[in-house]
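**Q** Here's a structure for you.
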Number of protein chains: 2
Amino acid sequence: MNIGEIARRAGVSRSTVSYALSGKRPVSAATVQRINDVIAELGYRPNASARALAEGRTRTLGLVVPPASRRLTDVQLGFVGSVVDAAAAHDLDVLLSPSGGDHDRSFERIVTGRRVDGVILMEILLADPRVERLSQASLPFVTIGHVEHPGASWWVDVDYGGLITRCVHHLADLGHEEVVLINRSAELVAAGYGPALRSTTGFLEATAARGLRARTVCCADEAAAGLACFEQIRAQWPAVTAAVTINEAALPGVQRALHRAGLEVPRDFSLTGVIAERLAEDFHPPLTAADVPATELGRLAVDLLLAQIADGGAEPRHALLEPPISLRSSTGARPRG
Amino acid sequence: MNIGEIARRAGVSRSTVSYALSGKRPVSAATVQRINDVIAELGYRPNASARALAEGRTRTLGLVVPPASRRLTDVQLGFVGSVVDAAAAHDLDVLLSPSGGDHDRSFERIVTGRRVDGVILMEILLADPRVERLSQASLPFVTIGHVEHPGASWWVDVDYGGLITRCVHHLADLGHEEVVLINRSAELVAAGYGPALRSTTGFLEATAARGLRARTVCCADEAAAGLACFEQIRAQWPAVTAAVTINEAALPGVQRALHRAGLEVPRDFSLTGVIAERLAEDFHPPLTAADVPATELGRLAVDLLLAQIADGGAEPRHALLEPPISLRSSTGARPRG
DNA sequence: ATCCTTCGTCGAACCGGTTCGATGACCGAG
DNA sequence: CTCGGTCATCGAACCGGTTCGACGAAGGAT
């Protein structure tokens, strides 16, 4: 069931079948009809490997994801889903590569094996060796998240710094005077994980600008850590009346700690941050937060990647999204006394 | 940078380079050394499409996942991660195909385009058209979850019926007399989703065997639905003192409803079921539940698929896992009065 | 009737690997 | 010295598509 068999049964040459399918040269209507009949009867589809070899492109995108050992957050899961859906909308397949910060075998296969036309890299670090590797392999790629010198490459990202800034202003407007940033894990910060670093920067600048006392803690991506972390905050800085967070996984623990401490949100304590929409709405009460537009980000990443593949010499393009803060009900005026 | 270039620079023929790399025929040590030097210098890796075309296999597995519009549960996410990791351990890549119950373009590309050596299908229905399609295409495949007539195909699954049965016995041993099953959505049940149906069967048989009054409700996969569902249970069947569930996504809502009703777990109400380990431990208090061994299931699925690819004529094999129930602290004796 | 286009189709080369049969060099045995 | 047998390597065919140049037939202009 290859193109030669189709050609034989339709009584034409292989090239005519190819042209009839691609439309790249005119073929008479009668011949097209005959070929289509044979194809429908045999259920033929061109062999993807052969086509990729001849055309020099695979119609496949690579998606580099964190290995399963690191559990995906809701936001990351949203990226994966939307990238896959957006690619499918262009009739492209997605090849998954689980890769840590170092390039492992799977990543190398993707990069040098010509298995994909381009790569989307998520969860990158400010100085990421994989970005370097892709550049020198001259394989088109787009990162979700941006590196230290963002002018030279293609990326999409959420403006964590800006969003955290707006969260702080929101709390300042409500009269809070001492606030804490619950960041992600110390390991991620140490490794140079952009969102964690930019959140910190934005938080410190905004609190300074508004004259607030600022506290920051790192917290592992687990409910248990969130609980411990919040109890430590209460013990260490009892005057803190509001928290800003980008750590989704810690939220259930924070909620339990609030409950255990007898604090009611937002009457006794305000909570906000950058959180996947679903989690913000599942919280009790629903969180006033910047919803990460994971779906749009994934779609944009695919669009940029396709543009880059179509025109390799084009100037790098970026998109820095700053979604609005959804006012739900987890923030309120600073409690008095 | 193809095999011909390597051959030219090493002063040998293309076939010698190929044999040196694959080891399928002896090549002198000196020649191998020379070839390896050139390869290392140029950073050569064989073109995956060309190799796939020549060998007749792609070294790639297909993974059919629900489209992103349906949010993945924690258990499903666990499957995806473990399948990808297990495949990577065998130096195989994973191609993702988002597909609903019907076969769409992405699924068809996977099946007929010879893009993959085999397929893993998750979230299948009792009568799933995709299973039919893969069978007639004679493409090796393994399902996570099993179809109505399980003898004819390869699959791995968790024994939902058996686990729910054991949950019911556990509650009966604790003295509960009226219990409810919180199932997944009515749509899934109507579509013939195996875990939902087998849970119901197991629940009804076990409660009948132990002489318990049995109630069942369907609940959409959302926190809000879980809350509404639980409040309806309290209103409609006030004598219910324990719930069994397979609906992870509804848990936050159930928790909120329990809290709102002033019920303390397990003193006033017992809760158990089949739940991803992480969620069971994030619950307050941690849930006594059967932890779905998603990681093992994914690994097993890959193992079975590789066995099937290696020997297409082999008898279909299955694995029905029945993980132990982890006794945590969400179940207790029936409250008196 | 002759020449020039245009249209539809064909054959061959090519993409970059793998694999099979053949060939030549070298060796030890007779 | 010749013969038989390894061993290492080579050339060619093949996998299944795409694409380019060429070619024959039909049609229009002169």
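In the structure tokens, chains take letters A, B, ... by order of appearance, with residues numbered from 1 within each chain and ligands from 1 in the order shown.
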If we count only C-alpha atoms (C1' of nucleotides) and set the cut-off at 7 Å, which residues sit around region 10-24 of chain C, ignoring sequence neighbours fewer than 3 positions away in its own chain? Please answer as a list of chain:residue names.
**A**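 With the cut-off at 7 Å, the set is A:Ser13, A:Leu53, A:Ala54, B:Asn2, B:Asn47, B:Ala50, B:Arg51, B:Ala54, B:Glu55.
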**Q** Contacts of Gly298 (chain A) at 10 Å or less, counting only C-alpha atoms (C1' of nucleotides), minus same-chain residues fewer than 2 places along, as a ChimeraX atom specification?
**A** /A:76,78-87,120,122,144,156-157,293-296,300-303
**Q** Counting only C-alpha atoms (C1' of nucleotides), which residues in chain A sit no more than 12 Å from chain C? For each one, give the nearest pair of atoms and the distance in Å, sorted by chain then residue number, as JSON lines.
**A**
```
{"residue": "A:Ala7", "atom": "CA", "partner": "C:DC10", "partner_atom": "C1'", "distance": 11.8}
{"residue": "A:Gly11", "atom": "CA", "partner": "C:DT9", "partner_atom": "C1'", "distance": 11.3}
{"residue": "A:Val12", "atom": "CA", "partner": "C:DT9", "partner_atom": "C1'", "distance": 8.1}
{"residue": "A:Ser13", "atom": "CA", "partner": "C:DC10", "partner_atom": "C1'", "distance": 6.5}
{"residue": "A:Arg14", "atom": "CA", "partner": "C:DC10", "partner_atom": "C1'", "distance": 8.9}
{"residue": "A:Ser15", "atom": "CA", "partner": "C:DC10", "partner_atom": "C1'", "distance": 7.8}
{"residue": "A:Thr16", "atom": "CA", "partner": "C:DT9", "partner_atom": "C1'", "distance": 6.9}
{"residue": "A:Val17", "atom": "CA", "partner": "C:DT9", "partner_atom": "C1'", "distance": 10.5}
{"residue": "A:Ser18", "atom": "CA", "partner": "C:DT9", "partner_atom": "C1'", "distance": 12.0}
{"residue": "A:Tyr19", "atom": "CA", "partner": "C:DT9", "partner_atom": "C1'", "distance": 10.4}
{"residue": "A:Ala20", "atom": "CA", "partner": "C:DT9", "partner_atom": "C1'", "distance": 11.3}
{"residue": "A:Arg25", "atom": "CA", "partner": "C:DG8", "partner_atom": "C1'", "distance": 9.4}
{"residue": "A:Pro26", "atom": "CA", "partner": "C:DG8", "partner_atom": "C1'", "distance": 7.5}
{"residue": "A:Val27", "atom": "CA", "partner": "C:DG8", "partner_atom": "C1'", "distance": 6.3}
{"residue": "A:Ser28", "atom": "CA", "partner": "C:DG8", "partner_atom": "C1'", "distance": 6.7}
{"residue": "A:Ala29", "atom": "CA", "partner": "C:DG8", "partner_atom": "C1'", "distance": 10.4}
{"residue": "A:Ala30", "atom": "CA", "partner": "C:DG8", "partner_atom": "C1'", "distance": 11.1}
{"residue": "A:Thr31", "atom": "CA", "partner": "C:DG8", "partner_atom": "C1'", "distance": 9.7}
{"residue": "A:Val32", "atom": "CA", "partner": "C:DG8", "partner_atom": "C1'", "distance": 11.5}
{"residue": "A:Ser49", "atom": "CA", "partner": "C:DC15", "partner_atom": "C1'", "distance": 10.9}
{"residue": "A:Ala50", "atom": "CA", "partner": "C:DC15", "partner_atom": "C1'", "distance": 8.6}
{"residue": "A:Arg51", "atom": "CA", "partner": "C:DC15", "partner_atom": "C1'", "distance": 9.3}
{"residue": "A:Ala52", "atom": "CA", "partner": "C:DC15", "partner_atom": "C1'", "distance": 8.8}
{"residue": "A:Leu53", "atom": "CA", "partner": "C:DC15", "partner_atom": "C1'", "distance": 5.3}
{"residue": "A:Ala54", "atom": "CA", "partner": "C:DC15", "partner_atom": "C1'", "distance": 4.7}
{"residue": "A:Glu55", "atom": "CA", "partner": "C:DC15", "partner_atom": "C1'", "distance": 7.6}
{"residue": "A:Gly56", "atom": "CA", "partner": "C:DC15", "partner_atom": "C1'", "distance": 7.5}
{"residue": "A:Arg57", "atom": "CA", "partner": "C:DC15", "partner_atom": "C1'", "distance": 10.9}
{"residue": "A:Gly113", "atom": "CA", "partner": "C:DG16", "partner_atom": "C1'", "distance": 11.7}
{"residue": "A:Arg114", "atom": "CA", "partner": "C:DG16", "partner_atom": "C1'", "distance": 11.4}
```
**Q** Distance limit 9 Å, atoms considered: only C-alpha atoms. Which chain B residues sit that close to chain A? Return them as an MDAnalysis selection string.
**A** chainID B and resid 43:53 58 60 67:69 71:72 77:78 80:82 84:85 88 91:98 105:106 109:110 112:115 222:224 252:253 256 281:284
**Q** Calculated over only C-alpha atoms (C1' of nucleotides), which of the candidates D:DA29, D:DC23, D:DC7, D:DC15 has the smallest distance to chain B?
**A** D:DC15
**Q** Chain D near chain A within 9 Å: what's each residue's closest atom pair and its distance in Å to one decimal, counting only C-alpha atoms (C1' of nucleotides), ordered by chain then ascending residue number, as JSON lines?
**A**
```
{"residue": "D:DC15", "atom": "C1'", "partner": "A:Ala50", "partner_atom": "CA", "distance": 7.9}
{"residue": "D:DG16", "atom": "C1'", "partner": "A:Ala50", "partner_atom": "CA", "distance": 5.1}
{"residue": "D:DG17", "atom": "C1'", "partner": "A:Ala50", "partner_atom": "CA", "distance": 4.8}
{"residue": "D:DT18", "atom": "C1'", "partner": "A:Ala54", "partner_atom": "CA", "distance": 5.6}
{"residue": "D:DT19", "atom": "C1'", "partner": "A:Ser15", "partner_atom": "CA", "distance": 8.6}
```
**Q** Would you compute the distance between CA of Ile233 (chain B) and CA of Asn183 (chain B)? Give it in Å to one decimal.
**A**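 Result for CA of Ile233 (chain B) versus CA of Asn183 (chain B): 12.6 Å, one decimal.
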**Q** Identify all residues of region 13-211 of chain A in alpha helix (DSSP H) (DSSP on the backbone) and supply them as an MDAnalysis selection string.
**A** chainID A and resid 14:22 29:42 48:55 74:89 105:112 129:136 160:173 186:191 194:210
